[in-house]
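Colleague: Sharing a structure below in structure tokens format, with a few things to ask.
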Amino acid sequence: MKRRDFLKSTTALMGGTVLYGLATPAFAATPVSGGTLIWGHSETTQNLDMHQTGTASTGRVLQNVHDSIVTVDKDLNVIPNLAESFEQSADGLVYTFKLRPDVTFHNGKKMTSADVKFSFERCKDPATGAVNFEVFNAVESIETPDDLTVVITLGSVNAPFLSRLAENGAGVIMPEGSGDVQGTTPIGCGPFKFVRREFGNEVELERFDEYWGGPAYLDKVIAREITEPTVRLTGLRTGELHMINDIPADRIAEIEGDPDLQVVSWFPLNWDFVNFNHDFEPFKNPKVREAFDYMIDKEALLEGALWGQGAVTASPSYPTSASYNHDLKQRPQDFDKAKALLAEAGYGEGELSVVFKATTNYPYHIEAAQIMLEWFRMAGVNATIEQLTWSDWLSQCWVDKDFQITMMNFFTLWEPDFLYYSLWNTEGAFNYRKISNPMVDELTAKARVTVDPQARADIYKQVQTIIHDETLDVILWFRNGTIGAQPSVMGLDTIVHPNGSNLNFHRVWLQG
Amino acid sequence: MKLPAAFRTSKGLIGTGLVIAILLVAVLAPMLIPADWATKMDMRARLSPPTLAHPLGTDQLGRDLLYRVLLGTQTSIFIAGAAVLMSIVIGLPLGLISGYAGGTTDNVLMRLVDTLLSFPALLLALTISAVLGPNLHNTVIAIGIAFTPFLARIIRGEALRVAQMPYVEAARTAGNSDSRLILRHILPNIMPAIIVQSTISLAFAILAEAGLSFLGLGTQPPDASWGLMIQASRDYLDRAPWTALVPGAAVALTVLGLNMFGDALRDALDPRSKGAS
Amino acid sequence: MSYILNRILSMLLTLFLISAITFAVTNILPGDVAMMIMGTQSNPEALAGLRETLGLNDPLLAQYGRWIGGMLTGDWGTSLVFKEPIAPLLIQKMTASGLIVLLSMTIALVCAVPLGVWAAVHPNRWQDTASSSAALLGVSLPDFFWGIMLILLFARALHWLPSSGFVDPREDLLLALRHALLPALALGLGLMAHLTRMTRATMTGILNQEFIRVARAKGLGEGTVVWRYGLANAVGPVMTVAGLQVGYLFGSIIVIESLFNYTGMGWLTYQGLLNRDIPLIQASVFVIAAVVMLANLLVDILYVLVDPRIRLS
């Protein structure tokens with residue numbers, strides 16, 4: 001079976017990690033301690049404050065420094081972590097967390113309920129500038145009856161509350177009073193201590209021997225920040241680096257065939273979609289949006305922009321999640337239909353002009369935009385591209401909503417409220433397309449107060465149907481994540497966090 | 001009519017030949033080749049090495065590099081030419097006034113020019129491009145402004161030299177107005193220096209456009225420009241070196257031609273600098 | 001002495017102008033720092049709060065006063081995106097860039113002077129043609145193109161040198177030099193070509209002068225004539241041109257450092273521009289302009305010390 005087919009069949013729709021290259025017995029070997037692992041990291045870390053940082057790159061490194069109060073297993077069920085147990089009152093308003101007694105921070109202090117209270121209140125405080133502050137919007141009080149108990153009371157039901165605490169962005173526990181130093185020298189209770197960052201160059205992490213989950217194997221992890229994909233690959237090939245994340249898409253097949261290297265590939269890393277500005281006159285008409293959907297051959301675009309490294313999807317729900325709607329099918333490429341729909345909307349050949357804004361932050365978006373541009377022209381639409389730096393994209397498209405058509409990717413938001421409310425509700429924080437659909441608004445609000453999991457999942461399936469039928473956006477694909485490594489790097493099957501983005505070095509080790 | 005001696009050297013001949021050839025490509029290619037040939041993709045022939053169907057190979061989206069480099073010529077030449085023109089339009093009056101008037105005017109203007117010269121041209125162009133937003137016209141403005149202080153300085157030096165010449169003194173004594181002096185006596189005498197300098201600036205402007213596009217702040221895809229083509233080739237270097245070599249060769253030939261032509265032009269128009277490279 | 005004093009005074013004025021221009025230009029940059037910090041998680045209320053905290057709502061003149069005051073007292077502010085104090089960051093990155101700039105200048109001078117002299121001594125012979133053609137080719141290609149070729153040859157094909165990265169010389173000098181060599185070469189090739197052309201032109205002029213003919217007539221050996229009398233007089237002009245090229249080099253490092261992932265000043269400035277990290281852009285553009293100006297001043301002063309005649313003009 002060809003690799004692509006294999007990926008498609010396994011992932012057609014279950015997420016998972018696939019390893020290539022080495023015979024599996026290597027995993028049976030007994031782990032040994034010691035050694036420094038040099039990781040070629042694909043992105044530059046920014047503000048190191050876990051509450052304030054909005055970038056996946058920084059979160060990926062900090063995953064090893066911090067721990068969250070609860071976490072998720074590979075099937076995305078919320079499970080205990082720093083809290084050894086948790087319970088929710090019948091009315092869904094009171095959450096009680098029992099903390100582990102054996103958690104030590106990197107500064108030597110034991111974790112207590114005061115630290116939890118401090119961390120959550122810091123995140124909630126607008127002055128902190130925490131990106132996930134709204135998670136705590138419904139919180140009325142945080143009480144600490146004893147050192148190991150935290151009781152959180154909500155003013156109204158917020159079904160996704162617990163799930164949102166399963167990631168470091170909102171669920172991280174920092175030692176009380178450490179707020180001022182987190183931005184430059186983060187302190188947490190994770191398996192590795194932050195040692196130093198040489199800005200733009202590398203981050204050094206050191207094993208924390210008192211880690212509550214048992215000490216890690218590696219003495220040190222050095223994350224070298226190498227943003228050029230080919231340079232990263234060369235570093236791996238010459239042995240300067242033990243491992244790299246994000247292998248250039250066009251080279252993956254070649255590296256997989258290389259017996260001297262191993263490849264970890266998982267699905268999904270993130271997902272992409274094409275956006276219409278619903279305030280731009282032509283896109284107010286659903287027929288025009290549908291016409292554009294018919295111009296795009298999703299498989300060909302995936303092949304062209306990402307060299308096939310992913311799987312097309314009509315739903316942005318996490319593939320293994322209960323809310324994934326399997327009944328939706330992407331529209332095929334059909335220029336006649338597209339032209340007919342445009343004509344119905346009153347646009348003849350050459351009468352519609354659009355500007356496609358794409359960000360250079362994701363080079364494959366530039367490639368994808370160029371390919372789509374050809375198709376738009378073939379359907380009789382005049383189109384041009386504007387390349388934007390990340391900051392310009394954020395200010396023009398995200399905040400000012402000044403665009404006609406653009407494209408974006410999101411890390412797989414496995415929590416459906418985070419995904420559908422933020423992106424498609426009229427009031428959603430991520431609704432930069434000015435979408436306003438009364439049905440979607442009603443359903444996403446209803447799901448927030450629906451506690452029964454099955455009923456909730458069904459509501460989200462309806463939301464997906466509306467997004468697809470009304471072509472609110474064009475959902476394209478899930479993109480694969482990849483790691484390339486030297487044969488000496490062991491335990492790579494444990495490295496990828498269930499959210500698909502973070503990397504965890506706790507159980508990774510180096511063979512002599 | 002006989003060619004000046006400077007153009008009858010092999011360097012002069014090659015330089016002139018190259019410049020004419022490139023100008024012809026810049027003008028004729030867009031007339032003879034349909035514009036969409038440079039953006040037409042062939043997903044079955046991505047990163048194809050040179051073949052009969054694609055004599056110079058293809059890029060990462062299967063676009064023909066020959067058509068792209070030919071059609072990109074006009075973009076690159078247009079940007080460089082317009083930018084240099086712009087720097088002359090601003091720099092010429094500045095330099096002339098400064099050199100002719102002398103005194104406080106000269107001091108103030110040259111202090112400003114010296115300050116601007118402390119900013120590396122590429123840094124200045126990058127910053128301006130970031131301010132204005134990247135597109136073709138703003139690239140012209142960014143490079144044009146970045147080159148202006150340099151031109152103003154040279155023109156001022158020339159104007160100063162010519163203004164002190166005996167015949168200008170004589171014309172002044174004869175009661176000619178300042179504007180007449182500048183336009184009739186000084187300007188014609190510094191024209192050769194301006195022409196030579198423009199040719200050399202043109203070469204630098206081509207390199208600057210390539211640098212800006214390379215950093216993503218110049219020409220926008222899918223339009224073809226040489227700098228953009230080199231930028232796109234970065235990720236495919238060791239698999240498909242021709243994607244970098246083809247536009248690189250185009251830049252080299254053009255700049256080489258301009259430099260050789262400029263050298264010959266200087267020898268022909270500006271005998272003082274004879275022997276200077 | 002008064003000449004040098006004069007130059008230093010006018011330098012202070014220029015520095016002030018540089019600061020004003022830098023501040024003015026960077027303040028009209030589009031985009032918003034607050035937005036960059038919050039990324040895709042931005043929302044209007046949080047943004048407004050952050051803007052206020054960062055002082056982005058104050059009048060421009062107040063912001064300039066605060067900035068210039070900080071620059072003078074050594075408080076260069078904090079990079080908004082990276083949360084690091086700017087002054088130590090810039091010093092560290094300037095050291096990194098200083099290494100490749102000096103290295104490329106050395107490589108360029110060591111190769112260009114003999115090549116230029118060699119060409120000048122054999123006018124219109126094959127030596128001249130070869131050296132001049134090579135130099136012409138050198139100035140005709142963008143430096144990043146040379147960089148790409150160097151990576152392909154020395155890193156990919158031969159595996160002699162690392163293709164990217166920066167190593168602190170204080171940690172491992174040899175490794176640091178190995179990492180600096182390719183970017184320095186990429187920077188230096190164009191400069192070398194330029195200086196070769198300059199040296200040839202200057203030497204040609206000098207060798208045609210009266211005193212050289214007199215020296216030859218006196219029966220001095222050709223080597224002595226060329227190196228002792230000829231080159232000694234060419235050093236001044238060549239040094240001046242080399243000094244003026246410092247500005248060009250500091251422009252080129254933006255492209256070259258980002259190509260080689262060499263995290264110096266050029267890389268930092270480019271990152272600042274991409275991220276609209278205004279305090280970082282302001283400080284780094286100002287520092288680059290100041291360094292370029294200082295280099296030119298230094299060359300001028302050296303020139304005066306070497307050749308006292310200049311004081312008259």
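Ordering of the structure tokens sets the chain letters (A, B, ...); residue numbers start at 1 within each chain; ligands are numbered from 1 in the order shown.
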For Ile86 in chain C, list every protein, DNA or RNA residue within 7 Å, evaluated using only C-alpha atoms, and leave out those in the same chain fewer than 6 positions away; present the list as number ranges by chain.

Modeller: C: 76-79, 280

Colleague: Sort by chain and increasing residue number a table of all residues of chain A within 9 Å of chain B, each with its closest pair of atoms and their distance in Å to one decimal, counting only C-alpha atoms, and write it as JSON lines.

Modeller:
```
{"residue": "A:Glu228", "atom": "CA", "partner": "B:Asp235", "partner_atom": "CA", "distance": 8.0}
{"residue": "A:Pro229", "atom": "CA", "partner": "B:Asp235", "partner_atom": "CA", "distance": 7.0}
{"residue": "A:Thr230", "atom": "CA", "partner": "B:Asp235", "partner_atom": "CA", "distance": 5.8}
{"residue": "A:Val231", "atom": "CA", "partner": "B:Asp235", "partner_atom": "CA", "distance": 8.8}
{"residue": "A:Pro248", "atom": "CA", "partner": "B:Asp235", "partner_atom": "CA", "distance": 8.2}
{"residue": "A:Asp250", "atom": "CA", "partner": "B:Tyr236", "partner_atom": "CA", "distance": 8.8}
{"residue": "A:Ala300", "atom": "CA", "partner": "B:Met43", "partner_atom": "CA", "distance": 8.5}
{"residue": "A:Glu303", "atom": "CA", "partner": "B:Met43", "partner_atom": "CA", "distance": 8.5}
{"residue": "A:Gly304", "atom": "CA", "partner": "B:Leu61", "partner_atom": "CA", "distance": 6.8}
{"residue": "A:Ala305", "atom": "CA", "partner": "B:Leu61", "partner_atom": "CA", "distance": 8.5}
{"residue": "A:Thr360", "atom": "CA", "partner": "B:Gly216", "partner_atom": "CA", "distance": 7.7}
{"residue": "A:Ile366", "atom": "CA", "partner": "B:Pro221", "partner_atom": "CA", "distance": 7.9}
{"residue": "A:Glu367", "atom": "CA", "partner": "B:Leu61", "partner_atom": "CA", "distance": 7.8}
{"residue": "A:Ala369", "atom": "CA", "partner": "B:Pro222", "partner_atom": "CA", "distance": 8.8}
{"residue": "A:Gln370", "atom": "CA", "partner": "B:Pro222", "partner_atom": "CA", "distance": 5.8}
{"residue": "A:Ile371", "atom": "CA", "partner": "B:Met41", "partner_atom": "CA", "distance": 7.8}
{"residue": "A:Leu373", "atom": "CA", "partner": "B:Pro222", "partner_atom": "CA", "distance": 8.5}
{"residue": "A:Glu374", "atom": "CA", "partner": "B:Lys40", "partner_atom": "CA", "distance": 7.5}
{"residue": "A:Thr384", "atom": "CA", "partner": "B:Pro222", "partner_atom": "CA", "distance": 8.2}
{"residue": "A:Ile385", "atom": "CA", "partner": "B:Pro221", "partner_atom": "CA", "distance": 6.6}
{"residue": "A:Glu386", "atom": "CA", "partner": "B:Gln220", "partner_atom": "CA", "distance": 6.6}
{"residue": "A:Gln387", "atom": "CA", "partner": "B:Gln220", "partner_atom": "CA", "distance": 6.5}
{"residue": "A:Leu388", "atom": "CA", "partner": "B:Pro134", "partner_atom": "CA", "distance": 8.0}
{"residue": "A:Thr389", "atom": "CA", "partner": "B:Gly216", "partner_atom": "CA", "distance": 8.3}
{"residue": "A:Asp392", "atom": "CA", "partner": "B:Gly133", "partner_atom": "CA", "distance": 8.8}
```

Colleague: Write out as JSON lines the residues of chain C that have any atom within 7 Å of an atom of chain B, one row each with the nearest atom pair and its distance in Å to one decimal, counting only C-alpha atoms, sorted by chain and then rising number.

Modeller:
```
{"residue": "C:Thr14", "atom": "CA", "partner": "B:Thr115", "partner_atom": "CA", "distance": 5.7}
{"residue": "C:Leu17", "atom": "CA", "partner": "B:Thr115", "partner_atom": "CA", "distance": 6.7}
{"residue": "C:Ile18", "atom": "CA", "partner": "B:Thr115", "partner_atom": "CA", "distance": 6.0}
{"residue": "C:Ile28", "atom": "CA", "partner": "B:Val131", "partner_atom": "CA", "distance": 6.5}
{"residue": "C:Leu29", "atom": "CA", "partner": "B:Val131", "partner_atom": "CA", "distance": 4.5}
{"residue": "C:Pro30", "atom": "CA", "partner": "B:Val131", "partner_atom": "CA", "distance": 6.0}
{"residue": "C:Leu136", "atom": "CA", "partner": "B:Leu256", "partner_atom": "CA", "distance": 6.6}
{"residue": "C:Leu137", "atom": "CA", "partner": "B:Leu256", "partner_atom": "CA", "distance": 6.4}
{"residue": "C:Ser140", "atom": "CA", "partner": "B:Val255", "partner_atom": "CA", "distance": 5.0}
{"residue": "C:Leu141", "atom": "CA", "partner": "B:Ala252", "partner_atom": "CA", "distance": 5.0}
{"residue": "C:Pro142", "atom": "CA", "partner": "B:Leu207", "partner_atom": "CA", "distance": 5.6}
{"residue": "C:Phe145", "atom": "CA", "partner": "B:Gly248", "partner_atom": "CA", "distance": 6.7}
{"residue": "C:Leu152", "atom": "CA", "partner": "B:Asp238", "partner_atom": "CA", "distance": 7.0}
{"residue": "C:Arg197", "atom": "CA", "partner": "B:Ser277", "partner_atom": "CA", "distance": 5.8}
{"residue": "C:Met198", "atom": "CA", "partner": "B:Ser277", "partner_atom": "CA", "distance": 6.8}
{"residue": "C:Ala201", "atom": "CA", "partner": "B:Ala276", "partner_atom": "CA", "distance": 4.4}
{"residue": "C:Thr204", "atom": "CA", "partner": "B:Gly275", "partner_atom": "CA", "distance": 6.7}
{"residue": "C:Gly205", "atom": "CA", "partner": "B:Gly275", "partner_atom": "CA", "distance": 6.9}
{"residue": "C:Gly247", "atom": "CA", "partner": "B:Pro120", "partner_atom": "CA", "distance": 5.1}
{"residue": "C:Tyr248", "atom": "CA", "partner": "B:Pro120", "partner_atom": "CA", "distance": 5.8}
{"residue": "C:Phe250", "atom": "CA", "partner": "B:Pro120", "partner_atom": "CA", "distance": 6.3}
{"residue": "C:Gly251", "atom": "CA", "partner": "B:Pro120", "partner_atom": "CA", "distance": 4.8}
{"residue": "C:Val255", "atom": "CA", "partner": "B:Gly211", "partner_atom": "CA", "distance": 6.9}
{"residue": "C:Ala289", "atom": "CA", "partner": "B:Ser118", "partner_atom": "CA", "distance": 5.0}
{"residue": "C:Val292", "atom": "CA", "partner": "B:Ser118", "partner_atom": "CA", "distance": 5.7}
{"residue": "C:Met293", "atom": "CA", "partner": "B:Ser118", "partner_atom": "CA", "distance": 5.5}
```

Colleague: Return as JSON, numbers by chain the residues belonging to chain A that are within 6 Å of chain C, counting only C-alpha atoms.

Modeller: {"A": [46, 47, 54, 131, 391, 392, 395]}

Colleague: With a distance cut-off of 10 Å and only C-alpha atoms, select the neighbouring residues of Val496 in chain A, excluding the residue or stretch itself and same-chain residues fewer than 6 positions from it, and output the selection as a PDB file with N, CA and C atoms, in the first residue's frame.

Modeller:
```
ATOM      1  N   GLY A  16      -3.496   9.856  14.680  1.00  0.00           N
ATOM      2  CA  GLY A  16      -2.560   8.872  15.175  1.00  0.00           C
ATOM      3  C   GLY A  16      -1.146   9.203  14.791  1.00  0.00           C
ATOM      4  N   THR A  17      -0.233   8.532  15.430  1.00  0.00           N
ATOM      5  CA  THR A  17       1.170   8.768  15.172  1.00  0.00           C
ATOM      6  C   THR A  17       1.712   7.577  14.404  1.00  0.00           C
ATOM      7  N   ARG A  60       5.076  25.084  22.469  1.00  0.00           N
ATOM      8  CA  ARG A  60       5.683  23.793  22.177  1.00  0.00           C
ATOM      9  C   ARG A  60       6.891  23.559  23.088  1.00  0.00           C
ATOM     10  N   LYS A  74      -5.072  10.203  24.825  1.00  0.00           N
ATOM     11  CA  LYS A  74      -4.990  10.316  23.377  1.00  0.00           C
ATOM     12  C   LYS A  74      -6.366  10.339  22.713  1.00  0.00           C
ATOM     13  N   VAL A 264       8.848  10.550  12.303  1.00  0.00           N
ATOM     14  CA  VAL A 264       7.585  10.398  13.021  1.00  0.00           C
ATOM     15  C   VAL A 264       6.612  11.299  12.300  1.00  0.00           C
ATOM     16  N   SER A 265       5.474  10.738  11.916  1.00  0.00           N
ATOM     17  CA  SER A 265       4.538  11.591  11.240  1.00  0.00           C
ATOM     18  C   SER A 265       3.183  11.380  11.883  1.00  0.00           C
ATOM     19  N   TRP A 266       2.482  12.443  12.157  1.00  0.00           N
ATOM     20  CA  TRP A 266       1.189  12.297  12.813  1.00  0.00           C
ATOM     21  C   TRP A 266       0.161  13.183  12.161  1.00  0.00           C
ATOM     22  N   LEU A 269      -1.762  17.938  12.452  1.00  0.00           N
ATOM     23  CA  LEU A 269      -1.017  19.003  13.118  1.00  0.00           C
ATOM     24  C   LEU A 269      -1.924  20.229  13.199  1.00  0.00           C
ATOM     25  N   GLY A 481       1.781  16.495  10.828  1.00  0.00           N
ATOM     26  CA  GLY A 481       2.965  16.955  11.550  1.00  0.00           C
ATOM     27  C   GLY A 481       4.075  15.947  11.331  1.00  0.00           C
ATOM     28  N   THR A 482       5.322  16.408  11.301  1.00  0.00           N
ATOM     29  CA  THR A 482       6.429  15.484  11.082  1.00  0.00           C
ATOM     30  C   THR A 482       7.616  15.825  11.982  1.00  0.00           C
ATOM     31  N   ILE A 483       8.350  14.779  12.345  1.00  0.00           N
ATOM     32  CA  ILE A 483       9.616  14.924  13.051  1.00  0.00           C
ATOM     33  C   ILE A 483      10.603  14.020  12.337  1.00  0.00           C
ATOM     34  N   ASN A 502       2.065  20.285  20.543  1.00  0.00           N
ATOM     35  CA  ASN A 502       3.126  20.332  21.541  1.00  0.00           C
ATOM     36  C   ASN A 502       4.005  19.089  21.505  1.00  0.00           C
ATOM     37  N   LEU A 503       5.280  19.271  21.901  1.00  0.00           N
ATOM     38  CA  LEU A 503       6.212  18.158  21.968  1.00  0.00           C
ATOM     39  C   LEU A 503       6.652  17.993  23.415  1.00  0.00           C
ATOM     40  N   ASN A 504       6.672  16.735  23.865  1.00  0.00           N
ATOM     41  CA  ASN A 504       6.973  16.457  25.254  1.00  0.00           C
ATOM     42  C   ASN A 504       8.186  15.540  25.330  1.00  0.00           C
ATOM     43  N   PHE A 505       9.269  16.001  25.973  1.00  0.00           N
ATOM     44  CA  PHE A 505      10.519  15.242  25.978  1.00  0.00           C
ATOM     45  C   PHE A 505      10.688  14.369  27.224  1.00  0.00           C
TER      46      PHE A 505
END
```

Colleague: Range 184-196 of chain C: which residues within 9 Å, counting only C-alpha atoms, same-chain residues fewer than 4 positions away excluded, as a ChimeraX atom specification?

Modeller: /C:99-117,119,131-132,134-150,180,200-201,238,241-242,245,248-249,252-253,256

Colleague: Residues as selected, C-alpha atoms, written as a compact mmCIF listing (two decimals), in the first residue's frame, can you do that?

Modeller:
```txt
# COMPACT_ATOMS: atom_id res chain seq x y z
CA LEU C 99 32.64 39.40 13.42
CA ILE C 100 31.40 38.75 9.89
CA VAL C 101 31.78 42.38 8.80
CA LEU C 102 35.41 42.52 9.96
CA LEU C 103 36.12 39.10 8.54
CA SER C 104 34.66 39.99 5.16
CA MET C 105 36.52 43.32 5.14
CA THR C 106 39.79 41.51 5.87
CA ILE C 107 39.18 38.86 3.22
CA ALA C 108 38.25 41.55 0.70
CA LEU C 109 41.29 43.74 1.37
CA VAL C 110 43.78 40.87 1.51
CA CYS C 111 42.63 39.61 -1.89
CA ALA C 112 41.65 42.83 -3.62
CA VAL C 113 44.84 44.85 -3.12
CA PRO C 114 47.27 42.36 -4.70
CA LEU C 115 44.79 41.59 -7.49
CA GLY C 116 44.27 45.26 -8.25
CA VAL C 117 47.99 46.02 -8.21
CA ALA C 119 46.16 44.24 -12.94
CA SER C 131 41.44 40.27 -12.81
CA SER C 132 39.12 42.96 -14.17
CA ALA C 134 36.55 38.50 -12.37
CA ALA C 135 35.97 41.73 -10.47
CA LEU C 136 33.24 42.79 -12.88
CA LEU C 137 31.48 39.46 -12.45
CA GLY C 138 31.85 39.83 -8.70
CA VAL C 139 30.01 43.14 -8.55
CA SER C 140 27.35 41.91 -10.96
CA LEU C 141 25.72 39.26 -8.81
CA PRO C 142 23.57 39.86 -5.76
CA ASP C 143 25.41 38.87 -2.57
CA PHE C 144 22.64 36.49 -1.53
CA PHE C 145 23.19 34.66 -4.80
CA TRP C 146 26.86 34.22 -3.85
CA GLY C 147 25.61 33.02 -0.48
CA ILE C 148 23.40 30.38 -2.09
CA MET C 149 26.28 29.18 -4.26
CA LEU C 150 28.62 29.00 -1.24
CA ALA C 180 31.12 33.01 10.32
CA ARG C 200 43.47 49.02 -10.11
CA ALA C 201 42.15 52.46 -11.00
CA VAL C 238 41.57 52.45 -1.09
CA VAL C 241 36.52 53.46 -0.27
CA ALA C 242 36.69 50.45 2.05
CA GLN C 245 31.57 50.32 2.11
CA TYR C 248 26.91 48.87 2.18
CA LEU C 249 27.94 45.88 4.30
CA SER C 252 23.81 43.49 2.97
CA ILE C 253 23.88 41.70 6.33
CA ILE C 256 22.91 37.50 4.22
```

Colleague: Figure out the distance between CA of Arg68 in chain B and CA of Ala80 in chain B, please, to one decimal in Å.

Modeller: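 Computing it gives 17.9 Å between the two atoms.
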
Colleague: List the spatial neighbours of Trp375 in chain A as an MDAnalysis selection string - criterion: any atom at most 12 Å away, only C-alpha atoms, same-chain residues fewer than 3 positions off excluded.

Modeller: (chainID A and resid 291:298 300:301 333:335 338:339 368:372 378:384) or (chainID B and resid 39:41)

Colleague: For the structure I just gave you, how does DSSP split range 167-202 of chain A - specifically, which residues are strand (DSSP E or B)? Reply as an mmCIF file with C-alpha atoms, in the first residue's frame.

Modeller:
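Generated file (out.cif):
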```cif
data_model
loop_
_atom_site.group_PDB
_atom_site.id
_atom_site.type_symbol
_atom_site.label_atom_id
_atom_site.label_comp_id
_atom_site.auth_asym_id
_atom_site.auth_seq_id
_atom_site.Cartn_x
_atom_site.Cartn_y
_atom_site.Cartn_z
ATOM 1 C CA VAL A 172 -0.994 25.978 33.718
ATOM 2 C CA PHE A 192 12.513 20.293 32.552
ATOM 3 C CA LYS A 193 13.808 23.532 34.074
ATOM 4 C CA PHE A 194 14.287 26.561 31.898
ATOM 5 C CA VAL A 195 17.998 27.461 31.904
ATOM 6 C CA ARG A 196 18.470 30.237 29.377
ATOM 7 C CA ARG A 197 17.416 31.595 26.054
ATOM 8 C CA GLU A 198 19.865 33.100 23.631
ATOM 9 C CA GLU A 202 18.469 28.659 21.177
#
```

Colleague: In Å to one decimal, how far is CA of Val181 in chain A from CA of Ala87 in chain C?

Modeller: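 CA of Val181 in chain A lies at a distance of 18.6 Å from CA of Ala87 in chain C.
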
Colleague: List every residue of range 157-305 of chain A that DSSP, applied to the backbone of this structure, assigns to alpha helix (DSSP H), and report them as a PyMOL selection string.

Modeller: chain A and resi 161-164+168-171+229-237+252-256+286-295+298-305

Colleague: Create the file for the chosen residues now, containing C-alpha atoms and written as a CSV table (one decimal), in the first residue's frame.

Modeller:
```
chain,number,residue,atom,x,y,z
A,161,PHE,CA,-14.7,24.9,31.1
A,162,LEU,CA,-12.9,21.7,32.3
A,163,SER,CA,-11.6,20.8,28.8
A,164,ARG,CA,-10.1,24.3,28.4
A,168,ASN,CA,-1.3,25.0,29.5
A,169,GLY,CA,-2.7,28.3,28.0
A,170,ALA,CA,-5.4,28.4,30.8
A,171,GLY,CA,-4.7,25.3,32.9
A,229,PRO,CA,13.3,24.4,6.4
A,230,THR,CA,16.2,23.3,4.1
A,231,VAL,CA,18.8,24.5,6.6
A,232,ARG,CA,17.1,22.5,9.3
A,233,LEU,CA,17.2,19.4,7.1
A,234,THR,CA,20.8,19.9,6.3
A,235,GLY,CA,21.6,20.1,10.0
A,236,LEU,CA,19.9,16.8,10.6
A,237,ARG,CA,21.7,15.2,7.6
A,252,ILE,CA,9.4,13.7,3.5
A,253,ALA,CA,9.2,10.8,1.1
A,254,GLU,CA,13.0,11.0,0.6
A,255,ILE,CA,13.7,11.1,4.3
A,256,GLU,CA,11.3,8.2,4.9
A,286,PRO,CA,-24.1,32.5,-0.8
A,287,LYS,CA,-24.1,31.6,-4.5
A,288,VAL,CA,-20.9,33.5,-5.0
A,289,ARG,CA,-19.2,31.7,-2.1
A,290,GLU,CA,-20.4,28.4,-3.4
A,291,ALA,CA,-19.1,29.3,-6.8
A,292,PHE,CA,-15.6,29.8,-5.4
A,293,ASP,CA,-15.9,26.5,-3.6
A,294,TYR,CA,-16.5,24.8,-6.9
A,295,MET,CA,-13.4,26.4,-8.4
A,298,LYS,CA,-8.9,20.4,-2.8
A,299,GLU,CA,-6.9,17.3,-3.5
A,300,ALA,CA,-4.9,19.0,-6.2
A,301,LEU,CA,-4.4,22.0,-4.0
A,302,LEU,CA,-3.1,19.8,-1.2
A,303,GLU,CA,-0.7,18.1,-3.6
A,304,GLY,CA,0.4,21.5,-5.0
A,305,ALA,CA,0.9,23.4,-1.8
```

Colleague: Between A:Ile247, A:Met408, A:Leu76, A:Cys189, which has the minimum distance to Pro215 in chain A (counting only C-alpha atoms)?

Modeller: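 Closest to Pro215 in chain A of all the choices is A:Cys189.
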